[in-house]
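So this one's my_file-v1.pdb, PDB, C-alpha atoms:
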```
MODEL        1
ATOM      1  CA  MET A 740      -1.649  11.431  19.532
ATOM      2  CA  ARG A 741       0.966   8.733  20.119
ATOM      3  CA  ILE A 742       0.260   6.839  16.882
ATOM      4  CA  VAL A 743       0.876   9.971  14.793
ATOM      5  CA  ALA A 744       4.181  10.706  16.502
ATOM      6  CA  LEU A 745       5.371   7.129  16.079
ATOM      7  CA  LEU A 746       4.383   7.021  12.434
ATOM      8  CA  ALA A 747       6.223  10.281  11.867
ATOM      9  CA  LEU A 748       9.362   8.812  13.379
ATOM     10  CA  MET A 749       9.095   5.564  11.429
ATOM     11  CA  PHE A 750       8.520   7.184   8.050
ATOM     12  CA  SER A 751      11.553   9.406   8.481
ATOM     13  CA  VAL A 752      13.915   6.473   7.869
ATOM     14  CA  LEU A 753      12.506   5.548   4.440
ATOM     15  CA  PRO A 754      14.549   6.801   1.461
ATOM     16  CA  ALA A 755      12.776   7.902  -1.692
ATOM     17  CA  PRO A 756      12.862   5.500  -4.660
ATOM     18  CA  ALA A 757      15.101   6.052  -7.659
ATOM     19  CA  GLN A 758      13.774   7.788 -10.749
ATOM     20  CA  THR A 759      13.969   4.668 -12.932
ATOM     21  CA  VAL A 760      13.113   1.037 -12.235
ATOM     22  CA  ASP A 761      13.684  -1.885 -14.598
ATOM     23  CA  LEU A 762      10.813  -4.357 -14.562
ATOM     24  CA  PRO A 763      10.670  -8.046 -15.546
ATOM     25  CA  PRO A 764       7.829  -9.815 -17.378
ATOM     26  CA  LEU A 765       4.680  -9.282 -15.341
ATOM     27  CA  PRO A 766       1.690 -11.620 -14.891
ATOM     28  CA  ALA A 767      -1.935 -10.500 -14.988
ATOM     29  CA  ILE A 768      -3.624  -9.021 -11.906
ATOM     30  CA  ASN A 769      -6.683 -11.271 -12.305
ATOM     31  CA  ASP A 770      -6.790 -14.834 -13.570
ATOM     32  CA  PRO A 771      -9.428 -15.347 -14.817
ATOM     33  CA  ALA A 772     -10.118 -11.811 -15.957
ATOM     34  CA  THR A 773     -12.934  -9.849 -14.339
ATOM     35  CA  ASN A 774     -13.224  -7.254 -17.130
ATOM     36  CA  GLU A 775     -14.759  -4.895 -14.570
ATOM     37  CA  TYR A 776     -13.176  -1.606 -13.545
ATOM     38  CA  LEU A 777     -13.461   0.403 -10.336
ATOM     39  CA  PRO A 778     -11.493   3.652 -10.784
ATOM     40  CA  GLY A 779     -10.261   4.998  -7.450
ATOM     41  CA  LYS A 780      -9.914   1.546  -5.884
ATOM     42  CA  ILE A 781      -6.426   0.468  -4.804
ATOM     43  CA  ILE A 782      -5.977  -2.760  -6.742
ATOM     44  CA  TRP A 783      -2.355  -3.876  -6.397
ATOM     45  CA  ALA A 784       0.834  -3.546  -4.354
ATOM     46  CA  ASP A 785       4.483  -4.113  -5.234
ATOM     47  CA  LEU A 786       7.320  -4.380  -2.747
ATOM     48  CA  PHE A 787      10.593  -3.006  -4.144
ATOM     49  CA  THR A 788      13.533  -4.373  -2.163
ATOM     50  CA  ASN A 789      17.220  -5.192  -2.500
ATOM     51  CA  ASN A 790      16.671  -8.564  -0.787
ATOM     52  CA  VAL A 791      13.936 -10.490  -2.587
ATOM     53  CA  GLU A 792      14.827 -13.793  -0.946
ATOM     54  CA  ARG A 793      14.641 -12.363   2.552
ATOM     55  CA  ALA A 794      11.292 -10.754   1.746
ATOM     56  CA  ARG A 795      10.008 -14.039   0.353
ATOM     57  CA  ARG A 796      10.870 -15.956   3.496
ATOM     58  CA  PHE A 797       9.414 -13.362   5.831
ATOM     59  CA  TYR A 798       6.041 -12.868   4.146
ATOM     60  CA  GLU A 799       5.598 -16.591   3.601
ATOM     61  CA  GLN A 800       6.265 -17.286   7.272
ATOM     62  CA  ALA A 801       4.605 -14.222   8.797
ATOM     63  CA  PHE A 802       1.362 -14.205   6.768
ATOM     64  CA  GLY A 803       1.225 -17.630   5.169
ATOM     65  CA  TRP A 804       1.480 -16.155   1.670
ATOM     66  CA  GLU A 805       2.417 -18.507  -1.159
ATOM     67  CA  TRP A 806       5.370 -17.455  -3.343
ATOM     68  CA  ARG A 807       5.623 -17.956  -7.095
ATOM     69  CA  ALA A 808       8.831 -16.755  -8.749
ATOM     70  CA  ILE A 809       8.488 -15.070 -12.149
ATOM     71  CA  SER A 810      12.091 -14.095 -12.890
ATOM     72  CA  SER A 811      15.457 -13.882 -11.110
ATOM     73  CA  GLY A 812      18.672 -11.864 -11.002
ATOM     74  CA  GLU A 813      18.669  -8.087 -11.454
ATOM     75  CA  HIS A 814      15.115  -8.320 -12.800
ATOM     76  CA  ALA A 815      13.852 -10.642 -10.068
ATOM     77  CA  TYR A 816      10.094 -10.559  -9.613
ATOM     78  CA  GLY A 817       7.631 -12.816  -7.878
ATOM     79  CA  ILE A 818       4.005 -12.905  -6.788
ATOM     80  CA  PHE A 819       2.533 -13.603  -3.361
ATOM     81  CA  TYR A 820      -0.805 -15.421  -3.185
ATOM     82  CA  ASN A 821      -3.202 -15.607  -0.272
ATOM     83  CA  ALA A 822      -5.834 -18.348  -0.342
ATOM     84  CA  GLY A 823      -5.175 -18.766  -4.061
ATOM     85  CA  LEU A 824      -5.552 -15.082  -4.983
ATOM     86  CA  ALA A 825      -2.658 -12.806  -5.934
ATOM     87  CA  VAL A 826      -2.108 -10.123  -3.272
ATOM     88  CA  ALA A 827       1.249  -8.506  -4.075
ATOM     89  CA  GLY A 828       4.378  -8.552  -6.160
ATOM     90  CA  VAL A 829       8.014  -8.293  -5.106
ATOM     91  CA  ALA A 830      10.604  -6.705  -7.403
ATOM     92  CA  TYR A 831      14.357  -6.363  -6.960
ATOM     93  CA  ARG A 832      15.681  -2.856  -6.659
ATOM     94  CA  ALA A 833      19.206  -1.954  -5.578
ATOM     95  CA  ALA A 834      19.414  -0.009  -2.337
ATOM     96  CA  PRO A 835      20.169   3.713  -2.574
ATOM     97  CA  GLU A 836      23.779   4.647  -1.881
ATOM     98  CA  GLY A 837      24.613   4.443   1.808
ATOM     99  CA  ILE A 838      21.617   2.200   2.609
ATOM    100  CA  GLU A 839      22.322  -1.441   3.466
ATOM    101  CA  ASP A 840      18.745  -2.738   3.471
ATOM    102  CA  TYR A 841      15.997  -1.261   1.361
ATOM    103  CA  GLY A 842      12.282  -1.884   0.981
ATOM    104  CA  ARG A 843       9.263   0.171  -0.040
ATOM    105  CA  TRP A 844       5.671  -0.814  -0.724
ATOM    106  CA  VAL A 845       3.993   0.925  -3.665
ATOM    107  CA  HIS A 846       0.191   0.750  -3.861
ATOM    108  CA  TYR A 847      -1.576   1.246  -7.216
ATOM    109  CA  VAL A 848      -4.866   3.070  -7.789
ATOM    110  CA  SER A 849      -7.116   1.982 -10.653
ATOM    111  CA  VAL A 850      -7.627   4.653 -13.332
ATOM    112  CA  GLY A 851      -9.467   4.726 -16.627
ATOM    113  CA  ASP A 852      -6.589   6.279 -18.580
ATOM    114  CA  VAL A 853      -3.027   5.997 -17.240
ATOM    115  CA  MET A 854      -1.497   8.618 -19.522
ATOM    116  CA  ALA A 855      -4.207  11.172 -18.832
ATOM    117  CA  ALA A 856      -4.100  10.539 -15.078
ATOM    118  CA  GLY A 857      -0.313  10.765 -15.104
ATOM    119  CA  SER A 858      -0.417  14.123 -16.859
ATOM    120  CA  GLU A 859      -2.894  15.391 -14.258
ATOM    121  CA  ILE A 860      -0.749  14.089 -11.402
ATOM    122  CA  VAL A 861       2.300  15.996 -12.664
ATOM    123  CA  ALA A 862       0.345  19.118 -13.615
ATOM    124  CA  LYS A 863      -0.980  19.410 -10.070
ATOM    125  CA  GLY A 864       2.446  19.119  -8.434
ATOM    126  CA  GLY A 865       3.369  15.427  -8.551
ATOM    127  CA  GLU A 866       6.548  13.887  -9.934
ATOM    128  CA  GLU A 867       7.003  10.935 -12.276
ATOM    129  CA  LEU A 868       9.225   8.189 -10.810
ATOM    130  CA  LEU A 869       8.511   5.323 -13.196
ATOM    131  CA  GLY A 870       7.180   6.426 -16.550
ATOM    132  CA  TYR A 871       4.297   4.909 -18.468
ATOM    133  CA  ARG A 872       4.597   1.157 -19.058
ATOM    134  CA  ASN A 873       2.325  -1.124 -21.053
ATOM    135  CA  HIS A 874       2.693  -4.880 -20.506
ATOM    136  CA  ALA A 875       0.327  -7.166 -22.378
ATOM    137  CA  ASN A 876      -0.525  -9.268 -19.327
ATOM    138  CA  ARG A 877      -0.371  -6.668 -16.536
ATOM    139  CA  GLY A 878      -1.771  -3.662 -18.361
ATOM    140  CA  GLU A 879      -0.753  -0.003 -18.217
ATOM    141  CA  PHE A 880       0.827   1.572 -15.144
ATOM    142  CA  ALA A 881       3.203   4.202 -13.812
ATOM    143  CA  ILE A 882       4.590   5.306 -10.438
ATOM    144  CA  TYR A 883       4.572   8.844  -9.059
ATOM    145  CA  ALA A 884       5.354  10.920  -6.002
ATOM    146  CA  GLY A 885       2.612  13.274  -4.918
ATOM    147  CA  PRO A 886       3.220  16.951  -4.119
ATOM    148  CA  HIS A 887       4.393  16.024  -0.607
ATOM    149  CA  LYS A 888       6.713  13.233  -1.917
ATOM    150  CA  GLU A 889       4.373  10.357  -1.024
ATOM    151  CA  VAL A 890       4.826   7.477  -3.490
ATOM    152  CA  PHE A 891       1.919   5.733  -5.230
ATOM    153  CA  GLY A 892       1.144   4.008  -8.508
ATOM    154  CA  ILE A 893      -1.675   4.133 -11.023
ATOM    155  CA  MET A 894      -2.847   1.216 -13.148
ATOM    156  CA  ARG A 895      -5.264   0.160 -15.856
ATOM    157  CA  SER A 896      -5.266  -3.607 -15.483
ATOM    158  CA  SER A 897      -5.549  -5.594 -18.713
ATOM    159  CA  THR A 898      -7.780  -8.130 -16.931
ATOM    160  CA  GLY A 899     -10.015  -5.811 -14.909
ATOM    161  CA  ASP A 900      -9.961  -4.893 -11.225
ATOM    162  CA  PRO A 901     -10.503  -7.155  -8.212
ATOM    163  CA  GLY A 902     -14.097  -6.890  -7.064
ATOM    164  CA  ASP A 903     -15.445  -5.360  -3.872
ATOM    165  CA  TYR A 904     -15.568  -8.320  -1.547
ATOM    166  CA  ARG A 905     -14.737  -8.936   2.095
ATOM    167  CA  ALA A 906     -10.976  -9.042   2.699
ATOM    168  CA  ASP A 907      -9.862 -12.457   3.887
ATOM    169  CA  PHE A 908      -7.311 -12.874   6.659
ATOM    170  CA  GLY A 909      -3.955 -12.096   5.069
ATOM    171  CA  ASP A 910      -5.450  -9.739   2.447
ATOM    172  CA  TRP A 911      -5.001  -5.989   2.200
ATOM    173  CA  ILE A 912      -7.970  -4.426   3.926
ATOM    174  CA  TRP A 913      -7.179  -0.702   4.152
ATOM    175  CA  TRP A 914      -4.866   2.131   3.089
ATOM    176  CA  GLU A 915      -4.087   5.517   4.547
ATOM    177  CA  LEU A 916      -1.977   8.462   3.519
ATOM    178  CA  PHE A 917      -0.165  10.033   6.471
ATOM    179  CA  THR A 918       0.787  13.555   5.480
ATOM    180  CA  ARG A 919       1.809  16.846   7.019
ATOM    181  CA  ASP A 920      -0.654  18.908   4.970
ATOM    182  CA  VAL A 921      -3.967  17.092   5.154
ATOM    183  CA  GLN A 922      -6.105  19.738   3.435
ATOM    184  CA  SER A 923      -3.933  20.125   0.341
ATOM    185  CA  SER A 924      -3.654  16.332   0.098
ATOM    186  CA  ILE A 925      -7.444  16.027   0.238
ATOM    187  CA  GLU A 926      -7.803  18.522  -2.594
ATOM    188  CA  TYR A 927      -5.064  16.825  -4.629
ATOM    189  CA  TYR A 928      -6.430  13.274  -4.510
ATOM    190  CA  GLN A 929     -10.002  14.426  -4.897
ATOM    191  CA  ALA A 930      -9.061  16.259  -8.084
ATOM    192  CA  ILE A 931      -7.057  13.369  -9.545
ATOM    193  CA  PHE A 932      -9.233  10.382  -8.634
ATOM    194  CA  ASP A 933     -12.647  12.066  -8.293
ATOM    195  CA  TYR A 934     -13.090  10.921  -4.696
ATOM    196  CA  GLU A 935     -15.978  11.979  -2.526
ATOM    197  CA  ILE A 936     -14.712  13.235   0.838
ATOM    198  CA  PHE A 937     -16.477  12.483   4.096
ATOM    199  CA  GLU A 938     -15.977  12.158   7.825
ATOM    200  CA  LYS A 939     -17.673   9.927  10.361
ATOM    201  CA  GLU A 940     -18.546  10.873  13.902
ATOM    202  CA  ASP A 941     -16.587   7.905  15.260
ATOM    203  CA  THR A 942     -13.489   8.554  13.127
ATOM    204  CA  PRO A 943     -10.275   7.665  15.036
ATOM    205  CA  ASP A 944      -8.027  10.592  15.951
ATOM    206  CA  PHE A 945      -5.435   9.626  13.344
ATOM    207  CA  ILE A 946      -7.969   9.753  10.462
ATOM    208  CA  ASP A 947      -9.162  13.134   9.191
ATOM    209  CA  VAL A 948     -11.203  12.079   6.155
ATOM    210  CA  TYR A 949     -12.220   9.061   4.125
ATOM    211  CA  LEU A 950     -11.892   8.907   0.345
ATOM    212  CA  GLN A 951     -14.969   7.331  -1.263
ATOM    213  CA  ARG A 952     -15.668   6.160  -4.812
ATOM    214  CA  HIS A 953     -18.430   3.964  -6.240
ATOM    215  CA  GLY A 954     -20.166   3.790  -2.885
ATOM    216  CA  TYR A 955     -17.213   2.460  -0.888
ATOM    217  CA  ALA A 956     -14.529   4.050   1.256
ATOM    218  CA  ARG A 957     -11.270   3.369  -0.581
ATOM    219  CA  ALA A 958      -8.709   4.939   1.759
ATOM    220  CA  ALA A 959      -8.165   7.681   4.328
ATOM    221  CA  ILE A 960      -5.928  10.668   4.930
ATOM    222  CA  GLY A 961      -4.498  11.469   8.342
ATOM    223  CA  PRO A 962      -1.996  13.889   9.881
ATOM    224  CA  LEU A 963       1.708  13.628  10.584
ATOM    225  CA  SER A 964       3.532  15.736  13.129
ATOM    226  CA  ASP A 965       4.694  19.147  11.890
ATOM    227  CA  GLU A 966       7.920  18.582  13.802
ATOM    228  CA  SER A 967       8.923  15.548  11.754
ATOM    229  CA  GLU A 968      11.141  15.777   8.671
ATOM    230  CA  GLN A 969       9.833  12.538   7.166
ATOM    231  CA  VAL A 970       8.386  12.069   3.716
ATOM    232  CA  PRO A 971       4.596  11.518   3.834
ATOM    233  CA  THR A 972       3.714   7.897   3.068
ATOM    234  CA  TRP A 973       0.873   5.654   1.928
ATOM    235  CA  LEU A 974       0.541   2.815   4.439
ATOM    236  CA  GLY A 975      -1.194  -0.470   3.639
ATOM    237  CA  PHE A 976      -3.075  -2.522   6.262
ATOM    238  CA  ILE A 977      -3.294  -6.327   6.262
ATOM    239  CA  ARG A 978      -6.245  -8.042   7.921
ATOM    240  CA  VAL A 979      -5.300 -10.480  10.707
ATOM    241  CA  GLU A 980      -7.468 -12.838  12.720
ATOM    242  CA  ASP A 981      -5.502 -12.831  15.981
ATOM    243  CA  MET A 982      -3.358  -9.751  16.636
ATOM    244  CA  THR A 983      -1.304 -11.236  19.470
ATOM    245  CA  ARG A 984      -0.476 -14.396  17.567
ATOM    246  CA  SER A 985       0.309 -12.434  14.381
ATOM    247  CA  LEU A 986       2.750 -10.141  16.176
ATOM    248  CA  GLU A 987       4.462 -13.059  17.888
ATOM    249  CA  ASN A 988       4.876 -14.763  14.518
ATOM    250  CA  ILE A 989       6.256 -11.593  12.929
ATOM    251  CA  VAL A 990       8.905 -11.185  15.631
ATOM    252  CA  VAL A 991       9.917 -14.858  15.448
ATOM    253  CA  HIS A 992      10.581 -14.483  11.723
ATOM    254  CA  GLY A 993      12.659 -11.313  11.896
ATOM    255  CA  GLY A 994      10.145  -8.478  11.899
ATOM    256  CA  LYS A 995       9.773  -5.730  14.481
ATOM    257  CA  VAL A 996       6.721  -4.324  16.221
ATOM    258  CA  LEU A 997       6.955  -0.543  15.910
ATOM    259  CA  LEU A 998       3.526   0.331  17.214
ATOM    260  CA  ALA A 999       2.003  -2.250  19.541
ATOM    261  CA  PRO A1000      -1.780  -2.493  19.976
ATOM    262  CA  GLU A1001      -3.178  -0.006  22.480
ATOM    263  CA  PRO A1002      -6.628   0.036  24.124
ATOM    264  CA  ASP A1003      -7.276   3.642  23.068
ATOM    265  CA  VAL A1004      -6.374   2.990  19.412
ATOM    266  CA  LEU A1005      -9.181   0.982  17.795
ATOM    267  CA  ASP A1006      -9.532  -1.144  20.942
ATOM    268  CA  SER A1007      -6.084  -2.722  20.422
ATOM    269  CA  ASP A1008      -7.008  -3.872  16.914
ATOM    270  CA  LEU A1009      -4.238  -1.959  15.104
ATOM    271  CA  ALA A1010      -0.451  -2.400  15.004
ATOM    272  CA  VAL A1011       2.413  -1.227  12.799
ATOM    273  CA  ILE A1012       5.353  -3.505  12.055
ATOM    274  CA  ALA A1013       8.533  -3.464  10.006
ATOM    275  CA  ASP A1014       9.717  -6.423   7.961
ATOM    276  CA  PRO A1015      13.364  -7.586   8.280
ATOM    277  CA  VAL A1016      14.658  -4.795   5.993
ATOM    278  CA  GLY A1017      12.582  -2.111   7.699
ATOM    279  CA  THR A1018       9.606  -1.851   5.320
ATOM    280  CA  LEU A1019       6.442  -0.679   7.057
ATOM    281  CA  ILE A1020       3.097  -2.475   7.111
ATOM    282  CA  ALA A1021       0.065  -2.013   9.345
ATOM    283  CA  LEU A1022      -2.038  -4.848  10.752
ATOM    284  CA  LEU A1023      -5.741  -4.546  11.418
ATOM    285  CA  ARG A1024      -8.051  -6.967  13.179
ATOM    286  CA  TRP A1025     -11.464  -6.137  11.802
ATOM    287  CA  ASP A1026     -14.661  -8.160  11.895
ATOM    288  CA  TYR A1027     -17.535  -7.465   9.526
ATOM    289  CA  PRO A1028     -20.205  -9.605   7.893
ATOM    290  CA  GLU A1029     -19.859 -11.135   4.450
ATOM    291  CA  GLY A1030     -20.664  -8.594   1.749
ATOM    292  CA  ASP A1031     -20.328  -5.596   4.070
ATOM    293  CA  THR A1032     -17.249  -3.881   2.633
ATOM    294  CA  GLU A1033     -18.460  -0.421   3.622
ATOM    295  CA  GLU A1034     -17.542  -0.841   7.295
ATOM    296  CA  LEU A1035     -14.519   1.290   8.161
ATOM    297  CA  PRO A1036     -11.732   1.143  10.761
TER     298      PRO A1036
ENDMDL
END
```
Is it possible to give me this structure as structure tokens?
Amino acid sequence: MRIVALLALMFSVLPAPAQTVDLPPLPAINDPATNEYLPGKIIWADLFTNNVERARRFYEQAFGWEWRAISSGEHAYGIFYNAGLAVAGVAYRAAPEGIEDYGRWVHYVSVGDVMAAGSEIVAKGGEELLGYRNHANRGEFAIYAGPHKEVFGIMRSSTGDPGDYRADFGDWIWWELFTRDVQSSIEYYQAIFDYEIFEKEDTPDFIDVYLQRHGYARAAIGPLSDESEQVPTWLGFIRVEDMTRSLENIVVHGGKVLLAPEPDVLDSDLAVIADPVGTLIALLRWDYPEGDTEELP
């Protein structure tokens, strides 16, 4: 399918992150604290980039996110807010050698025990990229590459996890792992995060299975082309109200449309874009009633 081929091509240009990352002081995920935990839910995202200022301008202008700087310089870090709620962090990271512009989103899965989950991740074929960290405000977390080199984080938030509520426009609404070996990836993430695996009759061609935990679909796994040499990647989706207007705004502010909406792909409700340094994000226009977070793309 065309979306799979395009995603394969796009992911091939993303370099892997370095083995160590210095982090600044980090604020809490929830303020006020929820003190509730939903293991298996993706609860946070950090953008690592060598151009924090450029990222700030783009995401403010493209999605209307509000920026709050936490620190600057080599340990620059800031938080984006959408409608008053924190949605993502941005951290400075120098570009790998030979790369002028660098950016990579890392999405974090909630776990009950970061050290135990990390040991399981490595034991089953993953690789540690950022070792265990414990920050009083943020909580415990670490970053890994899965057995097929896809990058993801795990976290035990010190203030609890965000609840299961309807994603607002500008919020993360969905995540999907695009991988060359779907079956082994299913077995890997099911073993680590205790997901239930299921399919739906109306599943789009680029989704093989959904990953469910605590009664909700948390993410999906879909195929990449065997002919591609890219590293499999977790892709985050942001909910938009008007796809045409969102894409126009993204282009005006320096982004690129890599996969334009198509009638045969979710009725033109999905697009993939790159920010000004080439970092990938997906957009999804999705309507569902308040409280109905079980509806799927």
Output check: residues returned by the PyMOL selection byres ((chain A and resi 872) around 12), as a compact mmCIF listing (two decimals) with C-alpha atoms, keeping the file's coordinate frame:
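Final output, out.txt:
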```
# COMPACT_ATOMS: atom_id res chain seq x y z
CA THR A 759 13.97 4.67 -12.93
CA VAL A 760 13.11 1.04 -12.24
CA ASP A 761 13.68 -1.88 -14.60
CA LEU A 762 10.81 -4.36 -14.56
CA PRO A 763 10.67 -8.05 -15.55
CA PRO A 764 7.83 -9.82 -17.38
CA LEU A 765 4.68 -9.28 -15.34
CA VAL A 853 -3.03 6.00 -17.24
CA MET A 854 -1.50 8.62 -19.52
CA GLY A 857 -0.31 10.76 -15.10
CA LEU A 868 9.22 8.19 -10.81
CA LEU A 869 8.51 5.32 -13.20
CA GLY A 870 7.18 6.43 -16.55
CA TYR A 871 4.30 4.91 -18.47
CA ASN A 873 2.33 -1.12 -21.05
CA HIS A 874 2.69 -4.88 -20.51
CA ALA A 875 0.33 -7.17 -22.38
CA ASN A 876 -0.52 -9.27 -19.33
CA ARG A 877 -0.37 -6.67 -16.54
CA GLY A 878 -1.77 -3.66 -18.36
CA GLU A 879 -0.75 0.00 -18.22
CA PHE A 880 0.83 1.57 -15.14
CA ALA A 881 3.20 4.20 -13.81
CA ILE A 882 4.59 5.31 -10.44
CA GLY A 892 1.14 4.01 -8.51
CA ILE A 893 -1.68 4.13 -11.02
CA MET A 894 -2.85 1.22 -13.15
CA ARG A 895 -5.26 0.16 -15.86
CA SER A 896 -5.27 -3.61 -15.48
```
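Going from CA of Glu980 (chain A) over to CA of Trp1025 (chain A), you cover 7.9 Å.
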Residue list as number ranges by chain for point (3.9, 1.5, 0.6), cut-off 7 Å, all atoms listed in the file: A: 843-846, 972-975
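Using all atoms listed in the file, the protein and nucleic acid residues lying no more than 9 Å from region 771-778 of chain A, apart from those fewer than 6 places from it along its own chain, are Val848, Ser849, Val850, Gly851, Arg895, Ser896, Ser897, Thr898, Gly899, Asp900, Pro901, Gly902, Asp903, Phe932, Asp933, Arg952 and His953 of chain A.
Closest approach to Gly1017 (chain A) among A:Ile768, A:Leu963, A:Ala794, A:Ala958 is made by A:Ala794 (distances from only C-alpha atoms).
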Gly961 (chain A) surroundings by only C-alpha atoms, 6 Å radius, close-in-sequence under 2 positions cut, as a PDB file with C-alpha atoms, keeping the file's coordinate frame:
```
ATOM      1  CA  PHE A 917      -0.165  10.033   6.471  1.00  0.00           C
ATOM      2  CA  PHE A 945      -5.435   9.626  13.344  1.00  0.00           C
ATOM      3  CA  ILE A 946      -7.969   9.753  10.462  1.00  0.00           C
ATOM      4  CA  ASP A 947      -9.162  13.134   9.191  1.00  0.00           C
TER       5      ASP A 947
END
```
For Lys995 (chain A): contacts at 12 Å, all atoms listed in the file, fewer than 6 positions along chain excluded, given as an MDAnalysis selection string: chainID A and resid 749 797 801 985:989 1010:1021
Nearest to Gln969 (chain A): which of A:Tyr927, A:Thr942, A:Glu866, A:Lys888 is it, counting only C-alpha atoms? A:Lys888
What separates CA of Arg795 (chain A) and CA of Phe819 (chain A) is a distance of 8.4 Å
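When you apply the PyMOL selection byres ((chain A and resi 805) around 6) to this structure, what comes back is A:Trp804, A:Trp806, A:Phe819, A:Tyr820.
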